[in-house]
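Heads up, the thing below is written out as structure tokens.
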Amino acid sequence: MSRIRLCRRSSCFLCPSSFTSPIQRPCFRRSSYIQPKSGLRLRHCSTTPMSRVRLHRRLLSSTSPPTPSWSPRDAFAAATERVRAGTLSRDDAHHMFDELFRQATPVPGRSLNGFLAALARATSSSACITDGPALALALFNRVCREEAGTQVAVPTFCTYSILMDCCCRARRPDLGLALFGCILRTGLKMDQITANTLLKCLCYANRTEEAVNVLLHRMSELGCVPNAVSYSIVLKALCDNSMSQRALDLLPMMAKQGGACSPDVVAYSTVIHGFFNEGETGKACSLFHEMTRQGVKPSVVTYNSIIDALCKARAMDKAELVLRQMTTNGAQPDTVTYNCMIHGYATLGRLKEAAKMFRKMKSRGLIPDIVTCNSLMASLCKHGRSKEAAEIFDSMTAKGHKPDIISYCTLLHGYASEGCFADMIGLFNSMKSNGIAANCHVFTILIHAYAKRGMVDDAMLIFTEMQQQGVSPDVVTYSTVISTFSRMGRLTDAMEKFNQMVARGIQPNTAIYSSIIQGFCMHGGLVKAKELVSEMINKGIPRPDIVFFNSVINSLCKDGRVMDAHDIFDLVTDIGERPDVITFNSLIDGYCLVGKMDKAFKILDAMEVVGVEPNIVTYSTLVDGYCKNRRIDDGLTLFREMQRKGVKPNTITYGIMLAGLFRAGRTVAARKKFHEMIESGTTVTVFTYGIILGGLCRNNCADEAIILFQKLGTMNVKFSITILNTMINAMYKVQRKEEAKELFATISASGLLPNESTYGVMIINLLKDGAVEDANNMFSSMEKSGIVPGSRLLNRIIRMLLEKGEIAKAGNYLSKVDGKRILLEASTTSLMLSLFSRKGKYHEDMKLLPAKYNFFDGCS
């Protein structure tokens with residue numbers, strides 16, 4: 001039997017540069033499923049007796065005398081143990097083979113195979129082996145060179161099976177298929193393990209259909225019968241490629257074969273997991289029930305798959321049921337189970353349930369791992385509870401888990417979101433001492449935190465330190481800095497960073513261009529903005545669309561900069577973008593806001609010219625503009641014009657019209673418009689009733705408003721606190737004081753809470769009636785309820801008390817004026833000057849005021 005020579009130029013089996021020519025495709029009954037993709041050259045040694053003799057003589061003549069104390073069997077056994085212990089280095093392995101080739105004693109095949117198998121499963125270590133499978137292949141290449149001679153046993157099917165597995169682990173399944181071709185050419189008899197490894201190579205090479213074909217039809221030709229492992233390999237590949245239905249179809253075939261090939265818990269769990277990943281929850285659950293009916297007991301892995309899918313679907317109640325079923329059936333939840341539950345609750349913000357699950361996990365003797373801790377920390381930080389997240393972070397070391405870069409990023413982001421800069425920087429400084437190197441993401445979090453709050457200089461210090469530590473900013477970092485400068489109008493700085501980024505070979509994306517273009521649009525640099533848009537087009541980067549420009553135009557209009565907004569509108573048309581109805585509506589709103597109704601109406605005409613159909617928002621905005629600019633008749637005309645053009649007014653449009661009519665004192669017309677609204681079938685909301693009740697009260701129709709209010713009450717209309725405030729004031733205005741007090745007393749019963757305006761209405765009306773003590777009690781109730789009075793209310797109370805001669809009580813309220821949040825209004829100061837100056841009515845009572853107001857004594 002001949003040996004296979006893997007001819008190569010270097011010792012690294014996986015080095016693409018060493019592959020010199022394409023492989024000749026091996027033939028397996030003229031099938032085409034073995035087509036290695038690499039340039040690996042595999043060729044047979046000559047199998048004639050004479051060639052063997054010549055080779056043996058050449059090897060003997062070049063072999064040095066053996067080292068007496070060196071035993072290949074013992075050396076390989078010791079090396080295998082060192083691989084398993086993680087103490088064998090790549091150089092040690094090659095030195096052992098150097099010694100092997102100098103000996104005359106052959107190595108037993110079992111020793112070689114054991115050593116290669118150990119390498120295939122070796123755990124990577126920075127100090128020792130970094131890639132066990134690749135090293136195994138490299139060493140086997142040395143074995144197969146002619147220079148190795150007879151010191152090494154002839155490779156068997158077991159050797160090739162191990163090497164094929166190495167190829168899969170090294171992510172080179174194409175090489176594994178090439179090795180299988182070598183097995184066919186040597187005539188070695190196949191076994192079940194080798195056949196399963198072939199299936200694995202095909203699946204890893206994304207040749208799943210060929211794997212199915214081998215499983216169902218070709219394994220018998222190889223002299224093997226598929227077993228449960230064979231099916232499991234193919235089932236997993238099908239599910240990984242979103243072909244779970246094909247996998248499901250294989251289960252009855254497994255059952256038909258029976259015996260050791262019957263579908264087991266692994267097969268069922270694989271397909272169930274596949275269906276969940278494809279979103280086929282119903283099929284997954286049906287298969288789970290079928291599994292239990294067939295007497296296959298679900299494992300922890302099965303339950304974990306179901307719980308994970310339910311948690312991701314936010315069906316936590318169902319996940320809880322499955323968890324209880326799991327424990328009832330004797331499957332003990334593991335760390336993965338609880339991680340899924342904790343992450344599910346945490347994602348939904350149900351932190352109490354997440355914490356409860358965390359405690360339950362520990363009570364079962366399971367130690368939360370770093371995934372658990374990071375998940376809880378992320379949820380706490382997301383909900384503004386970074387201090388609690390920090391407690392988990394600090395406890396991780398005590399649990400035997402060193403915080404990783406994800407842990408640091410999570411807590412840093414939490415501190416940044418809450419503005420806890422001292423904690424953020426303290427945590428950042430601790431990273432180095434704990435052996436965690438800050439990466440680009442860490443620095444970007446810090447930069448964004450400062451930039452978000454306008455602390456640009458601090459952000460730039462971090463940006464500089466980042467580069468000093470050898471960390472290069474990425475596109476996200478530059479985007480953060482550039483958008484901040486652009487937002488602040490520091491466009492020179494923004495362009496400096498933009499050019500620096502380009503010089504470093506980082507391609508600006510749409511977000512970066514958009515932020516800097518917006519900066520130029522907002523700060524008058526339209527020429528530069530147009531240049532940048534052209535640059536984007538030339539580079540093939542999608543330019544900002546009309547939605548982007550609509551946002552800019554709307555922002556300018558809301559700020560009253562409608563002319564600047566119109567310039568942006570012109571830019572939009574210049575670059576070939578088509579304005580839509582939102583663009584025109586924003587401009588109309590801007591012109592209405594600054595009172596330029598004629599220009600707003602011209603925009604309406606322009607819309608129709610370019611073929612953009614005005615909608616209900618367009619007309620409602622114009623009607624509102626006419627009403628607020630005291631052009632009620634023009635508003636009514638447009639209202640009727642809108643109806644003639646087939647645009648039906650909605651609740652908001654009628655509300656605008658009603659408010660305008662009441663504001664103009666045209667209550668009769670308002671009543672007619674309201675009846676028209678009802679007859680048209682337009683929905684009448686509480687907001688509409690608020691406009692009508694408020695309008696009636698302002699137009700001296702309080703009694704009518706009260707009647708309507710009471711009628712609505714019998715209809716179980718749910719009023720807002722604003723409406724109740726209006727009606728309390730109206731009742732006081734028409735001297736229905738007891739009704740006003742009763743209405744105030746029923747506010748809490750109606751499910752509402754009094755606000756500052758509610759208390760203000762009651763206090764002012766009580767003071768008007770001279771009920772000073774009752775007003776003081778009402779003010780105390782307001783403060784006890786946690787409502788802080790505003791300057792306007794406090795100033796009005798002070799003035800009313802001073803006018804009534806209640807100097808001492810006015811002084812109590814004056815003591816609440818802090819000069820920061822609450823200021824004395826000019827009218828209050830003027831009144832005090834007239835009352836407490838030397839010629840004032842209450843000059844002698846100035847001592848009843850707080851000492852800081854004694855300066856009135858010197859005024860005349």
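How things are named: the first chain in the structure tokens is A, the next is B, and so on; residues count from 1 in each chain; ligands count from 1 in the order shown.
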10 Å contact set for Val547 (chain A), only C-alpha atoms, chain neighbours under 3 positions out, as a compact mmCIF listing (two decimals) with C-alpha atoms, in the first residue's frame:
```
# COMPACT_ATOMS: atom_id res chain seq x y z
CA PRO A 544 -29.43 63.52 1.25
CA ASN A 550 -37.56 68.82 4.93
CA SER A 551 -36.11 68.47 8.43
CA VAL A 552 -33.73 71.38 7.82
CA ILE A 553 -36.47 73.57 6.30
CA PRO A 579 -40.06 69.00 -3.11
CA ASP A 580 -43.06 67.16 -1.68
CA ILE A 582 -44.26 68.30 3.49
CA THR A 583 -41.70 70.73 2.06
```
Check which residues of region 475-495 of chain A sit at most 12 Å from region 528-534 of chain A using only C-alpha atoms, and return one row each with the closest pair of atoms and their distance in Å to one decimal, ordered by chain and rising number, as a tab-separated table.
```
residue	atom	partner	partner_atom	distance
A:Ser486	CA	A:Ala529	CA	11.8
A:Leu491	CA	A:Lys528	CA	10.4
A:Thr492	CA	A:Lys528	CA	11.6
A:Met495	CA	A:Lys528	CA	10.6
```
Please, could you write that set of residues out with N, CA and C atoms as an mmCIF file, in the first residue's frame?
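Output below, filename out.cif:
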```cif
data_model
loop_
_atom_site.group_PDB
_atom_site.id
_atom_site.type_symbol
_atom_site.label_atom_id
_atom_site.label_comp_id
_atom_site.auth_asym_id
_atom_site.auth_seq_id
_atom_site.Cartn_x
_atom_site.Cartn_y
_atom_site.Cartn_z
ATOM 1 N N SER A 486 -20.611 70.773 13.502
ATOM 2 C CA SER A 486 -21.591 71.287 12.544
ATOM 3 C C SER A 486 -22.806 71.847 13.261
ATOM 4 N N LEU A 491 -18.029 75.386 11.611
ATOM 5 C CA LEU A 491 -17.898 74.663 10.352
ATOM 6 C C LEU A 491 -16.443 74.542 9.906
ATOM 7 N N THR A 492 -15.596 75.492 10.278
ATOM 8 C CA THR A 492 -14.165 75.394 9.952
ATOM 9 C C THR A 492 -13.557 74.180 10.636
ATOM 10 N N MET A 495 -14.875 70.966 8.976
ATOM 11 C CA MET A 495 -14.214 70.656 7.721
ATOM 12 C C MET A 495 -12.770 70.192 7.938
#
```
**Report entry** Residues near Ala77 (chain A), cut-off 12 Å, only C-alpha atoms, skip fewer than 2 positions along chain, as a PyMOL selection string
**Finding:** chain A and resi 71-75+79-84+96+107-108+110-116+118
Report task. Go through A:Thr758, A:Thr828, A:Asn339, A:Asn615 and flag the residue nearest Asn374 (chain A), using only C-alpha atoms for the distances. Result ->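 Looking at the shortest contact to Asn374 (chain A), the residue is A:Asn339.
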Report task. Could you give me, as a PyMOL selection string, the residues within 7 Å of region 677-687 of chain A, counting only C-alpha atoms and dropping anything in the same chain fewer than 4 positions from it? Result -> chain A and resi 650-651+654+673+691+719
Go ahead and write the selection's residues with all heavy atoms as a tab-separated table (two decimals), in the first residue's frame.
```tsv
chain	number	residue	atom	x	y	z
A	650	ASN	N	-61.09	68.19	8.90
A	650	ASN	CA	-61.10	67.20	9.97
A	650	ASN	C	-61.30	67.89	11.33
A	650	ASN	O	-61.57	69.09	11.39
A	650	ASN	CB	-59.81	66.37	9.95
A	650	ASN	CG	-58.56	67.23	10.13
A	650	ASN	OD1	-58.63	68.39	10.52
A	650	ASN	ND2	-57.40	66.65	9.84
A	651	THR	N	-61.14	67.12	12.39
A	651	THR	CA	-61.37	67.66	13.74
A	651	THR	C	-60.45	68.85	14.02
A	651	THR	O	-60.88	69.85	14.61
A	651	THR	CB	-61.13	66.55	14.78
A	651	THR	OG1	-61.99	65.45	14.49
A	651	THR	CG2	-61.42	67.05	16.18
A	654	TYR	N	-61.62	72.06	12.03
A	654	TYR	CA	-62.77	72.69	12.68
A	654	TYR	C	-62.37	73.34	13.99
A	654	TYR	O	-62.84	74.43	14.34
A	654	TYR	CB	-63.86	71.64	12.93
A	654	TYR	CG	-64.82	71.48	11.77
A	654	TYR	CD1	-64.80	70.33	10.99
A	654	TYR	CD2	-65.75	72.47	11.47
A	654	TYR	CE1	-65.67	70.17	9.92
A	654	TYR	CE2	-66.64	72.32	10.40
A	654	TYR	CZ	-66.59	71.17	9.63
A	654	TYR	OH	-67.47	71.03	8.57
A	673	LYS	N	-70.78	77.02	13.14
A	673	LYS	CA	-69.69	76.17	12.66
A	673	LYS	C	-69.64	74.86	13.44
A	673	LYS	O	-69.36	73.80	12.87
A	673	LYS	CB	-68.36	76.93	12.78
A	673	LYS	CG	-67.17	76.25	12.11
A	673	LYS	CD	-67.38	76.10	10.61
A	673	LYS	CE	-67.39	77.45	9.90
A	673	LYS	NZ	-67.54	77.27	8.43
A	691	ILE	N	-62.22	74.02	23.42
A	691	ILE	CA	-62.23	75.27	22.64
A	691	ILE	C	-63.56	76.00	22.80
A	691	ILE	O	-63.60	77.23	23.01
A	691	ILE	CB	-61.96	74.95	21.15
A	691	ILE	CG1	-60.52	74.45	20.96
A	691	ILE	CG2	-62.20	76.20	20.28
A	691	ILE	CD1	-60.22	73.92	19.57
A	719	PHE	N	-63.37	64.87	30.90
A	719	PHE	CA	-62.79	66.20	30.73
A	719	PHE	C	-61.30	66.18	31.09
A	719	PHE	O	-60.84	65.35	31.88
A	719	PHE	CB	-63.50	67.22	31.63
A	719	PHE	CG	-64.96	67.38	31.31
A	719	PHE	CD1	-65.94	66.95	32.20
A	719	PHE	CD2	-65.35	67.98	30.13
A	719	PHE	CE1	-67.28	67.10	31.90
A	719	PHE	CE2	-66.69	68.15	29.83
A	719	PHE	CZ	-67.67	67.68	30.71
```
